[in-house]
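Working notes for the structure below.
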Amino acid sequence: MGFLPHKRSKKHRGRVRTWPKDDPSQPVHLTAFMGYKAGMTHTLREVHRTALKQAKREEVEPVTIIETPPVVVVGLVGYIDTLRGLRSFKTIFAEHLSDECKRRFYKSWYKSKKKAFTKYSKKWQDENGKKQLDKDFAQLKKYCSAIRVIVHSQMRLLPIKQKKAHIMEIQLNGGSISDKVDWAKEHLEKPVPISAVFYQNEMIDIIGVTKGHGFKGVTSRWHTKKLPRKTHKGLRKVACIGAWHPARVGYTIARAGQKGYHHRTELNKKIYRIGKGVHIQDGKVIHNNASTNYDTTQKAITPMGGFPRYGDVNNDFVMLKGCVVGPKKRVLTLRKSLLVHTSRKSKETIELKFIDTTSKFGHGRFQTAHEKRAFMGPLKKDRLKPVPEPLPEEA
């Protein structure tokens with residue numbers, strides 16, 4: 001009953017309802033991030049947890065890959081305390097906003113004149129505008145009790161058709177209010193990578209919207225018991241929906257309706273790896289983010305043939321233990337945990353021995369394309385076609 005009402009979520013992107021408690025003794029840092037669900041695979045590791053029967057044995061575990069290209073900071077919002085909670089005090093945007101960010105402010109981009117923020121950006125250029133901005137930054141430092149930055153995702157880096165970026169506010173924790181405003185001002189128009197927010201072995205929360213299943217009956221939606229085979233007018237029903245009095249149907253009675261596409265927050269997901277995307281180092285393309293100390297094969301996290309219904313993961317990614325909400329391509333909000341973790345499970349260091357990269361579309365046999373070529377030998381489809389000779393010209 002804690003999840004009622006079972007209705008469609010208002011927001012497509014997971015909304016953070018509670019932020020972690022601020023600790024001024026720590027350096028300034030973001031408390032959340034945005035990522036896109038790519039798919040799942042499995043890993044092999046040795047369990048290092050004392051007083052556990054499974055300790056010092058190998059264990060195969062399912063993991064989810066979430067692609068997390070750097071988010072771009074485009075503004076900041078200051079909040080002040082009131083008797084009714086926080087109230088937004090002032091918002092400051094950066095001078096330059098990319099088209100994928102501006103698309104979010106339009107219903108129909110191609111029909112529009114694309115004039116968003118053209119007048120606002122002039123504030124950063126003339127003297128009066130700069131004075132006003134300096135005054136605004138000073139007021140944020142003086143009056144505000146919380147600072148949040150406005151960030152957007154970079155859709156052009158992803159194998160997703162959508163061009164409109166997702167925008168969200170992320171709270172800054174650590175340091176004084178003055179430090180937070182300075183951090184936000186310094187990072188305007190700059191990308192922030194996932195490695196600057198989360199770290200290896202950390203426990204985090206995932207906020208998102210579940211996979212939608214449309215209008216469903218009681219058997220599928222509430223898992224009620226089916227009626228006997230010979231029941232008149234169907235058996236995937238609830239036989240009794242309540243007493244004569246009270247003369248109405250109670251909210252606890254299982255009824256048909258919407259299943260899935262609900263807003264959910266999942267707690268305590270452990271980070272198994274924060275992988276670096278495909279990058280160039282010393283003139284060479286490096287794509288070995290699925291290699292381990294035990295399996296030194298040069299291979300990327302993308303399985304053979306790509307992640308089904310997603311594609312290739314070429315950016316930074318986060319590997320989480322277990323499953324997460326939503327279908328492939330769904331935008332997810334990754335948030336720092338609200339709790340102080342002390343259990344051995346949460347403190348355990350993860351050292352992966354092997355990450356599976358076989359095809360997820362069928363019975364995968366080969367970890368890399370190189371391994372497949374070595375086993376299969378030259379194939380007919382790979383053979384170069386002979387080029388037909390041109391006909392000699394008649395004299």
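Ligands are numbered from 1 in the order shown, chains are lettered A, B, ... in the order of the structure tokens, and residues start at 1 in each chain.
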Do a neighbour search on A:Asp22 at 12 Å with only C-alpha atoms, toss out local chain neighbours closer than 2 positions, and write the hits as a count of residues only. 24
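Residues within 8 Å of A:Ser337, counting only C-alpha atoms and excluding same-chain residues fewer than 2 positions away, are Pro20, Met203, Ile204, Asp205, Leu267, Asn268, Arg335, Leu339 and Val340 of chain A.
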Quick one: residues within 10 Å of stretch 276-284 of chain A, only C-alpha atoms, excluding same-chain residues fewer than 6 positions away - as a ChimeraX atom specification? /A:67-69,193-195,290,300-301,313-318
Which residues, written as a PyMOL selection string, have at least one atom at most 10 Å from stretch 122-129 of chain A, with only C-alpha atoms counted and residues fewer than 6 positions away on the same chain left out? chain A and resi 93-96+135
Mind dumping the selected residues with N, CA and C atoms as a PDB file, in the first residue's frame?
```
ATOM      1  N   PHE A  93      21.714  32.284 -15.217  1.00  0.00           N
ATOM      2  CA  PHE A  93      22.091  31.383 -16.303  1.00  0.00           C
ATOM      3  C   PHE A  93      23.430  31.790 -16.905  1.00  0.00           C
ATOM      4  N   ALA A  94      24.079  30.847 -17.574  1.00  0.00           N
ATOM      5  CA  ALA A  94      25.365  31.107 -18.228  1.00  0.00           C
ATOM      6  C   ALA A  94      25.161  31.954 -19.488  1.00  0.00           C
ATOM      7  N   GLU A  95      26.283  32.433 -20.041  1.00  0.00           N
ATOM      8  CA  GLU A  95      26.205  33.280 -21.236  1.00  0.00           C
ATOM      9  C   GLU A  95      25.819  32.473 -22.464  1.00  0.00           C
ATOM     10  N   HIS A  96      26.407  31.296 -22.630  1.00  0.00           N
ATOM     11  CA  HIS A  96      26.153  30.480 -23.818  1.00  0.00           C
ATOM     12  C   HIS A  96      25.439  29.186 -23.422  1.00  0.00           C
ATOM     13  N   LYS A 135      26.173  41.800  -8.580  1.00  0.00           N
ATOM     14  CA  LYS A 135      25.262  42.093  -7.470  1.00  0.00           C
ATOM     15  C   LYS A 135      24.442  40.839  -7.123  1.00  0.00           C
TER      16      LYS A 135
END
```
Could you pull out all residues of stretch 243-281 of chain A with a DSSP call of strand (DSSP E or B) and give them as a PyMOL selection string? chain A and resi 257-259+263-275+279-281
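In this model, the gap between atom CA of A:Gln367 and atom CA of A:Gly35 comes to 25.4 Å.
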One decimal, in Å: what's the spacing between atom CA of A:Ile206 and atom CA of A:Tyr272?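 Value for the atom CA of A:Ile206-atom CA of A:Tyr272 distance: 14.6 Å.
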Residue among A:Phe89, A:Trp244, A:Tyr36, A:Phe354 lying closest to A:Thr333, counting only C-alpha atoms: A:Tyr36
Nearest residue to A:Val16 out of A:Glu266, A:Glu46, A:Asp81, A:Glu61, using only C-alpha atoms? A:Glu266
List the neighbours of A:Ile241 out to 10 Å using only C-alpha atoms; skip same-chain residues closer than 3 positions along the sequence, and give me the result as a compact mmCIF listing (two decimals) with C-alpha atoms, in the first residue's frame.
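The result, stored in out09.txt:
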```txt
# COMPACT_ATOMS: atom_id res chain seq x y z
CA LYS A 237 -11.10 -11.36 -11.95
CA VAL A 238 -11.72 -10.55 -8.28
CA TRP A 244 -22.91 -4.45 0.83
CA ARG A 248 -18.69 1.78 -2.04
CA VAL A 249 -15.58 0.01 -3.24
CA GLY A 250 -12.62 0.43 -0.85
CA THR A 252 -7.57 -1.57 -0.89
CA ILE A 253 -9.59 -3.73 -3.33
CA ALA A 254 -7.59 -4.92 -6.36
CA ARG A 255 -8.96 -3.29 -9.53
```
Between atom CA of A:Gly377 and atom CA of A:Thr43, what distance in Å does the model show, to one decimal?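 Between these atoms lies a distance of 28.3 Å.
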Alpha helix (DSSP H) positions in stretch 99-180 of chain A, given as number ranges by chain: A: 99-102, 127-143, 177-180
